[in-house]
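Here's the structure, in structure tokens; my notes come after.
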Amino acid sequence: MTEEQLLEKFEARIRRNEKIEPGDWMPDRYRNGLIRMISQHAHSEVIGALPEGTWIPYAPSFKRKMALIAKVQDEIGHGQMLYRAAETLGISREEMINQLLTGKAIYSNVFNYPADTWADIAIIGWLVDGAAIVNQTKLLLGSYGPYSRAMERICFEEGFHLKQGYDNVCHLMGGTQKQRDMVQESFTRWWWPLMMFFGPRDKDSVHSSDLMRWKVKIKSNDELRQEFLSSFVPKIRAFGLAIPDPDLRFHEDTKEWTFTDPDWDEFHRVIRGNGPMNKERLGVRRLAHEEGRWVREALEAFVNEGKSA
Amino acid sequence: MKRYSFTCYHQPIEEGLALLGGPLPDHDTQWPEWEVFIQERRGGSHINVGAVHAPDGEMALILAKETFTRRQPCVNLWIVNTQDIHSTRYEDEAIFQSTFDRSYRNTTGFKLEKPVQATEVS
């Protein structure tokens with residue numbers, strides 16, 4: 001078959017909503033686009049566990065501590081599932097891990113902001129995970145079999161993350177004035193990183209329509225951001241939290257939100273490694289990798305000993 | 001805005017920062033892959049749910065338990081080295097399609113006739 005015929009067959013399969021499986025013919029741009037996307041997603045899960053992991057010793061109750069440990073364990077598990085899904089496209093997990101450790105990889109910008117208070121943990125669990133779910137429930141519909149299978153398991157578990165975050169915010173907002181102030185202070189800081197979460201506006205987004213047609217991306221950045229605002233702004237307002245954007249407005253006629261753009265220069269600065277926490281996140285990850293080395297060596301030694309005995 | 005004096009950062013971040021840009025540890029994370037099969041309840045089939053990396057099957061079982069059974073019910077786990085799986089190729093899918101009517105293999109392929117009446121032969 002010629003390249004054109006193969007492409008036609010591939011695209012017809014996607015139009016029929018059938019999944020592409022490892023071993024199927026696929027365009028290089030599809031393969032590379034997926035590798036980039038899945039590995040970035042995996043790195044985001046792994047780095048995303050750091051701000052929350054930091055808070056485990058200080059969780060304010062036993063139940064909150066257990067929930068936080070469970071959530072952090074989930075994120076690391078999701079990272080492993082995603083690395084494995086990316087591997088089916090011809091890159092090794094080690095290659096991806098090394099890209100992350102050497103600072104060559106990109107992960108979600110949102111994790112390069114500090115989580116200085118317990119309220120940050122509540123806001124991250126509710127709104128950062130909430131934004132991630134808006135994105136991930138779409139990825140579930142993507143065309144690549146191993147990725148969407150992994151997303152099925154991940155979405156199921158993310159449901160708990162959102163619920164425990166929401167419950168945490170409820171608890172704090174029902175508490176003392178000091179607790180409410182703490183949530184407001186945290187929310188005000190997270191608003192702009194959340195507005196950047198789905199990436200630049202469509203008109204400034206560099207990625208092509210091929211990836212949309214091939215169902216690697218299902219919804220555009222702007223569509224996802226609109227969906228996030230529609231689901232969460234009413235809940236944010238119901239808490240009485242003040243949104244730091246006086247121009248945020250829903251228009252009944254167009255069914256669209258208009259808002260003040262976040263600082264997109266900041267977005268690009270943080271992606272290039274110059275955010276408030278990029279170095280720290282990478283440093284902690286690198287340290288954890290180094291500190292885990294003896295475990296990997298011990299396992300290897302144990303297995304080799306079994307072989308020689 | 002009010003700042004809080006408490007700090008949550010207990011990791012030795014300086015030590016981590018000192019490692020950045022330095023050489024990476026030896027290649028030691030690319031272990032063999034193991035397919036994971038979960039049996040949700042006795043009497044059910046073992047179903048493939050994903051894979052883990054592990055130096056041996058015993059470790060693979062531990063990792064599979066941690067990765068795949070945190071929520072899902074499970075009474076039994078199987079681990080199979082991914083290398084040991086023989087598989088057909090998707091491009092040969094056609095071998096599973098019948099080329100002619102095979103309805104006789106299915107219950108729907110048989111229309112019930114009225115029972116034959118025995119007739120007296122004189």
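Chain labels A, B, ... are given in the sequence in which chains occur in the structure tokens; within each chain residues are numbered consecutively from 1, and ligands are likewise numbered from 1 in the order shown.
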Would you mind listing what lies within 12 Å of Lys215 (chain A) as a ChimeraX atom specification, with only C-alpha atoms counted and same-chain residues fewer than 6 positions away left out? /A:10-11,13-20,30,33-34,138-145,147-148,208-209
May I ask you to extract the residues of chain B within 6 Å of chain A, using only C-alpha atoms, and to give them as a PDB file with N, CA and C atoms, in the first residue's frame?
```
ATOM      1  N   ILE B  13      16.070  20.729  50.128  1.00  0.00           N
ATOM      2  CA  ILE B  13      15.999  21.194  48.739  1.00  0.00           C
ATOM      3  C   ILE B  13      17.387  21.563  48.203  1.00  0.00           C
ATOM      4  N   GLY B  16      19.093  18.743  46.631  1.00  0.00           N
ATOM      5  CA  GLY B  16      18.519  18.433  45.326  1.00  0.00           C
ATOM      6  C   GLY B  16      19.011  19.405  44.275  1.00  0.00           C
ATOM      7  N   LEU B  17      19.032  20.691  44.643  1.00  0.00           N
ATOM      8  CA  LEU B  17      19.464  21.721  43.686  1.00  0.00           C
ATOM      9  C   LEU B  17      20.908  21.483  43.264  1.00  0.00           C
ATOM     10  N   THR B  29      16.588   2.008  35.526  1.00  0.00           N
ATOM     11  CA  THR B  29      15.132   2.017  35.718  1.00  0.00           C
ATOM     12  C   THR B  29      14.378   1.266  34.626  1.00  0.00           C
ATOM     13  N   GLN B  30      15.104   0.804  33.605  1.00  0.00           N
ATOM     14  CA  GLN B  30      14.392   0.172  32.493  1.00  0.00           C
ATOM     15  C   GLN B  30      14.358  -1.347  32.674  1.00  0.00           C
ATOM     16  N   THR B  67      -0.318  -0.731  41.880  1.00  0.00           N
ATOM     17  CA  THR B  67      -0.726   0.142  40.778  1.00  0.00           C
ATOM     18  C   THR B  67      -2.182  -0.077  40.365  1.00  0.00           C
TER      19      THR B  67
END
```
With only C-alpha atoms as the basis for distance, which of B:Lys114, B:Asp92, B:Tyr104, B:Trp31 is at the shortest distance from Pro55 (chain B)?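 The closest residue to Pro55 (chain B) is B:Trp31.
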Test item: residues at most 9 Å from region 243-254 of chain A, only C-alpha atoms, excluding those fewer than 4 positions along its chain, as an MDAnalysis selection string: chainID A and resid 184 187:189 191:192 230 233 236:237 258:260
Those selected residues, please, written with N, CA, C and O atoms and delivered as a PDB file, in the first residue's frame.
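Result file is out04.pdb:
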```
ATOM      1  N   GLN A 184      -9.359  32.402  50.713  1.00  0.00           N
ATOM      2  CA  GLN A 184      -9.440  33.509  49.757  1.00  0.00           C
ATOM      3  C   GLN A 184      -8.043  33.909  49.261  1.00  0.00           C
ATOM      4  O   GLN A 184      -7.837  34.104  48.064  1.00  0.00           O
ATOM      5  N   PHE A 187      -6.896  31.179  46.899  1.00  0.00           N
ATOM      6  CA  PHE A 187      -7.663  31.190  45.651  1.00  0.00           C
ATOM      7  C   PHE A 187      -7.215  32.347  44.746  1.00  0.00           C
ATOM      8  O   PHE A 187      -7.064  32.188  43.540  1.00  0.00           O
ATOM      9  N   THR A 188      -6.979  33.512  45.356  1.00  0.00           N
ATOM     10  CA  THR A 188      -6.555  34.690  44.585  1.00  0.00           C
ATOM     11  C   THR A 188      -5.232  34.401  43.877  1.00  0.00           C
ATOM     12  O   THR A 188      -5.041  34.777  42.729  1.00  0.00           O
ATOM     13  N   ARG A 189      -4.324  33.695  44.543  1.00  0.00           N
ATOM     14  CA  ARG A 189      -3.047  33.350  43.896  1.00  0.00           C
ATOM     15  C   ARG A 189      -3.234  32.333  42.782  1.00  0.00           C
ATOM     16  O   ARG A 189      -2.557  32.370  41.759  1.00  0.00           O
ATOM     17  N   TRP A 191      -5.895  31.723  40.901  1.00  0.00           N
ATOM     18  CA  TRP A 191      -6.789  32.049  39.795  1.00  0.00           C
ATOM     19  C   TRP A 191      -6.052  32.168  38.459  1.00  0.00           C
ATOM     20  O   TRP A 191      -6.443  31.568  37.466  1.00  0.00           O
ATOM     21  N   TRP A 192      -4.918  32.926  38.458  1.00  0.00           N
ATOM     22  CA  TRP A 192      -4.235  33.175  37.185  1.00  0.00           C
ATOM     23  C   TRP A 192      -3.540  31.935  36.638  1.00  0.00           C
ATOM     24  O   TRP A 192      -3.691  31.636  35.443  1.00  0.00           O
ATOM     25  N   SER A 230     -17.552  27.399  33.120  1.00  0.00           N
ATOM     26  CA  SER A 230     -18.978  27.115  33.294  1.00  0.00           C
ATOM     27  C   SER A 230     -19.228  26.163  34.455  1.00  0.00           C
ATOM     28  O   SER A 230     -20.205  26.303  35.186  1.00  0.00           O
ATOM     29  N   VAL A 233     -17.145  28.360  38.050  1.00  0.00           N
ATOM     30  CA  VAL A 233     -17.395  29.720  38.546  1.00  0.00           C
ATOM     31  C   VAL A 233     -18.646  29.775  39.440  1.00  0.00           C
ATOM     32  O   VAL A 233     -18.611  30.380  40.524  1.00  0.00           O
ATOM     33  N   ILE A 236     -17.626  28.517  42.784  1.00  0.00           N
ATOM     34  CA  ILE A 236     -16.716  29.463  43.453  1.00  0.00           C
ATOM     35  C   ILE A 236     -17.539  30.606  44.061  1.00  0.00           C
ATOM     36  O   ILE A 236     -17.323  31.015  45.203  1.00  0.00           O
ATOM     37  N   ARG A 237     -18.510  31.098  43.271  1.00  0.00           N
ATOM     38  CA  ARG A 237     -19.332  32.212  43.759  1.00  0.00           C
ATOM     39  C   ARG A 237     -20.213  31.769  44.910  1.00  0.00           C
ATOM     40  O   ARG A 237     -20.473  32.545  45.837  1.00  0.00           O
ATOM     41  N   THR A 258     -16.299  35.936  28.926  1.00  0.00           N
ATOM     42  CA  THR A 258     -15.184  36.807  28.585  1.00  0.00           C
ATOM     43  C   THR A 258     -14.420  37.079  29.884  1.00  0.00           C
ATOM     44  O   THR A 258     -15.006  37.059  30.965  1.00  0.00           O
ATOM     45  N   PHE A 259     -13.126  37.300  29.747  1.00  0.00           N
ATOM     46  CA  PHE A 259     -12.285  37.436  30.947  1.00  0.00           C
ATOM     47  C   PHE A 259     -11.031  38.216  30.605  1.00  0.00           C
ATOM     48  O   PHE A 259     -10.705  38.400  29.431  1.00  0.00           O
ATOM     49  N   THR A 260     -10.345  38.651  31.629  1.00  0.00           N
ATOM     50  CA  THR A 260      -9.052  39.303  31.444  1.00  0.00           C
ATOM     51  C   THR A 260      -8.026  38.209  31.173  1.00  0.00           C
ATOM     52  O   THR A 260      -7.989  37.203  31.878  1.00  0.00           O
TER      53      THR A 260
END
```
Please identify the strand (DSSP E) residues within chain B (assignment by DSSP from backbone atoms) and present them as a VMD selection string. chain B and resid 33 to 39 46 to 53 76 to 81
Excluding Glu35 (chain B) and residues on its chain fewer than 2 positions from it, collect all residues at most 7 Å away from it, counting only C-alpha atoms, and give them as a PyMOL selection string. chain B and resi 33+37+48+50-52+79-82
As a ChimeraX atom specification, please: every residue in chain B that a backbone DSSP assignment puts in alpha helix (DSSP H). /B:13-19,57-68
Of the candidates A:Ser39, A:Asn168, A:Gln226, A:Gln177, which shows the shortest atom-to-atom distance to Ile121 (chain A), using only C-alpha atoms? A:Asn168
